[in-house]
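I have placed the structure first, in the form of structure tokens, so that the comments after it can refer back to it.
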Amino acid sequence: MQNKKVAIIGTVGLPAKYGGFETLAEHLTKHLADDYKMTVYCSLPSYDGELETHNGAALKYINLKANGIQSIPYDILSIFHANRTVDILLILGVSGCIVLPFVKLFSRKKLVINIDGLEWKRHKWNRYAKWFLKFSEKLAVKYADVVIADNKVIQDYVKDEYDKESELIAYGADHVKKLHIEQEVMRDYPFLTEQYAFTVCRIEPENNIHMIIAAVAEIDELPLVVIGNWEASQYGQDLKKKYADHNNILLINAIYDQAVLNQIRSNCTLYLHGHSAGGTNPSLVEAMHLGLPIFAYDVAYNRETTEHQAKYFASSAELINLLAHLNEISLPDLGKMMFEISEKRYRWDIIAKQYAKLLAPIEN
């Protein structure tokens with residue numbers, strides 16, 4: 001029997017450079033390319049367009065950016081093109097789902113949609129963008145043959161909000177490995193010779209960087225290293241200026257060399273996770289797979305991801321209290337628990353099998 005054709009829509013593209021959806025597409029193509037004829041839609045501004053295949057999947061380029069306002073026409077064009085050429089559309093995110101009523105009007109192609117982390121709730125969007133994203137989410141859930149939620153909290157939301165069942169599938173993390181520190185990296189980042197707390201993320205208020213830094217600055221128990229895009233917003237610039245002279249706080253601009261970034265991350269003493277939105281966060285499950293002891297911001301998403309086994313804080317005061325009693329917490333045992341959960345739930349072979357079950361074609 002001829003392999004069914006599957007399109008992956010909604011990522012920047014392959015090979016994966018960054019981002020949870022890109023990493024998901026990377027590993028789905030690795031695991032499923034033998035069973036499906038796969039096409040991944042890619043943003044031409046992010047690639048040179050010369051690569052035609054990757055992991056056995058065909059690459060189709062759209063000359064629009066995959067992020068920001070252009071993500072909407074980027075996804076829409078990808079959906080319309082894929083609808084003419086494949087059997088099953090795997091759509092990651094809801095930006096382009098505004099067109100699904102028209103797609104379903106003329107086609108019976110199977111739509112499998114990962115609705116991501118309730119993007120419309122993020123503080124960074126104005127009310128018009130929030131309305132559009134919420135409406136797109138509503139259409140995605142209504143017209144999808146299968147809805148995928150990456151966190152139990154989102155699965156419950158889909159049931160409560162839309163009275164529709166969804167499939168719970170998270171992300172894999174076993175692509176990250178604990179790395180020994182190279183001498184050159186040690187010279188560039190001398191803090192690596194000591195113990196340190198660490199976080200890496202977009203520098204946005206909803207990731208609670210201000211809360212984490214304020215707590216560490218107050219307790220002065222363990223140096224804090226934060227890597228992110230500090231110059232991208234006034235929020236980041238203000239924090240960097242405020243703590244520029246604090247010896248215990250190291251605010252480092254984004255590092256795009258993954259080997260260097262992973263050396264810094266995988267050798268930290270403590271991982272601080274401040275994300276308050278977005279479902280199951282890929283950086284959190286990666287930290288878990290590295291066996292890092294984790295203090296996470298206390299929201300239901302993070303508790304579900306870590307099976308309530310991490311340590312949690314909801315304010316600077318609560319984080320200060322955790323740090324002040326650090327010697328009463330067995331960090332090695334906490335890290336071991338995080339790794340065991342990751343091995344049980346966040347492996348790519350498990351994730352790929354879950355997706356494969358959902359990609360079966362609709363029977364006539």
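Every chain in the structure tokens has a letter given in the order shown (A, B, ...), and although residue numbers restart at 1 in each chain, ligands are simply numbered from 1 in the order shown.
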Self-check item: Test item: residues at most 8 Å from stretch 263-270 of chain A, only C-alpha atoms, excluding those fewer than 2 positions along its chain, as JSON, numbers by chain
Solution: {"A": [177, 178, 179, 180, 181, 192, 195, 196, 197, 198, 199, 259, 260, 261, 272, 287, 290, 292, 293, 294, 295, 331]}
Self-check item: Selection: 10 Å around A:Ile98, only C-alpha atoms, excl. self and same-chain fewer than 4 positions, as a PyMOL selection string
Solution: chain A and resi 72+75-76+94+102-103+132-133+135-140
Requested write-out: N, CA and C atoms of the selected residues, as a PDB file, in the first residue's frame:
ATOM      1  N   ILE A  72       0.243  34.473  10.035  1.00  0.00           N
ATOM      2  CA  ILE A  72      -1.137  34.172   9.622  1.00  0.00           C
ATOM      3  C   ILE A  72      -1.196  33.823   8.137  1.00  0.00           C
ATOM      4  N   ASP A  75       0.807  30.512   7.426  1.00  0.00           N
ATOM      5  CA  ASP A  75       0.086  29.272   7.721  1.00  0.00           C
ATOM      6  C   ASP A  75      -1.060  29.045   6.739  1.00  0.00           C
ATOM      7  N   ILE A  76      -1.762  30.113   6.370  1.00  0.00           N
ATOM      8  CA  ILE A  76      -2.892  29.974   5.443  1.00  0.00           C
ATOM      9  C   ILE A  76      -2.428  29.455   4.084  1.00  0.00           C
ATOM     10  N   VAL A  94      -2.578  27.697  15.902  1.00  0.00           N
ATOM     11  CA  VAL A  94      -3.901  28.028  15.362  1.00  0.00           C
ATOM     12  C   VAL A  94      -3.919  29.266  14.468  1.00  0.00           C
ATOM     13  N   PHE A 102     -13.561  27.000   5.126  1.00  0.00           N
ATOM     14  CA  PHE A 102     -13.508  26.899   3.663  1.00  0.00           C
ATOM     15  C   PHE A 102     -12.829  25.601   3.233  1.00  0.00           C
ATOM     16  N   VAL A 103     -11.790  25.218   3.967  1.00  0.00           N
ATOM     17  CA  VAL A 103     -11.085  23.977   3.645  1.00  0.00           C
ATOM     18  C   VAL A 103     -12.027  22.786   3.777  1.00  0.00           C
ATOM     19  N   PHE A 132      -8.603  37.634  17.726  1.00  0.00           N
ATOM     20  CA  PHE A 132      -8.339  36.849  16.522  1.00  0.00           C
ATOM     21  C   PHE A 132      -7.834  35.453  16.887  1.00  0.00           C
ATOM     22  N   LEU A 133      -6.883  35.380  17.823  1.00  0.00           N
ATOM     23  CA  LEU A 133      -6.307  34.088  18.200  1.00  0.00           C
ATOM     24  C   LEU A 133      -7.341  33.198  18.888  1.00  0.00           C
ATOM     25  N   PHE A 135     -10.594  33.320  18.346  1.00  0.00           N
ATOM     26  CA  PHE A 135     -11.517  32.893  17.293  1.00  0.00           C
ATOM     27  C   PHE A 135     -10.883  31.795  16.446  1.00  0.00           C
ATOM     28  N   SER A 136      -9.597  31.939  16.137  1.00  0.00           N
ATOM     29  CA  SER A 136      -8.888  30.905  15.374  1.00  0.00           C
ATOM     30  C   SER A 136      -8.838  29.598  16.144  1.00  0.00           C
ATOM     31  N   GLU A 137      -8.620  29.701  17.455  1.00  0.00           N
ATOM     32  CA  GLU A 137      -8.630  28.505  18.297  1.00  0.00           C
ATOM     33  C   GLU A 137      -9.993  27.819  18.252  1.00  0.00           C
ATOM     34  N   LYS A 138     -11.055  28.605  18.326  1.00  0.00           N
ATOM     35  CA  LYS A 138     -12.413  28.050  18.277  1.00  0.00           C
ATOM     36  C   LYS A 138     -12.649  27.296  16.976  1.00  0.00           C
ATOM     37  N   LEU A 139     -12.224  27.886  15.854  1.00  0.00           N
ATOM     38  CA  LEU A 139     -12.387  27.227  14.560  1.00  0.00           C
ATOM     39  C   LEU A 139     -11.505  25.987  14.463  1.00  0.00           C
ATOM     40  N   ALA A 140     -10.294  26.068  15.028  1.00  0.00           N
ATOM     41  CA  ALA A 140      -9.394  24.911  15.007  1.00  0.00           C
ATOM     42  C   ALA A 140     -10.033  23.720  15.708  1.00  0.00           C
TER      43      ALA A 140
END
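When the distance limit is 9 Å and only C-alpha atoms are what count, the residues near stretch 213-222 of chain A, minus those fewer than 6 positions from it on the same chain, are Gln195, Tyr196, Ala197, Leu239, Tyr243, His246, Asn248, Ile249, Thr269, Ser315, Ser316, Ala317, Glu318, Leu319, Ile320, Asn321, Leu323, Ala324 and Leu326 of chain A.
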Practice problem: Give the alpha helix (DSSP H) residues of stretch 240-323 of chain A, as assigned by DSSP on the backbone, as a ChimeraX atom specification. | Solution: /A:240-242,258-266,282-289,300-305,316-323
Quiz item: Near A:Tyr355, within 10 Å and counting only C-alpha atoms, which residues show up once chain neighbours fewer than 3 positions away are dropped, as number ranges by chain?
Solution: A: 28, 32, 90, 112, 148, 167, 169, 350-352, 358-360
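Across the structure, atom CA of A:Asp87 and atom CA of A:Lys5 are spaced 5.1 Å apart.
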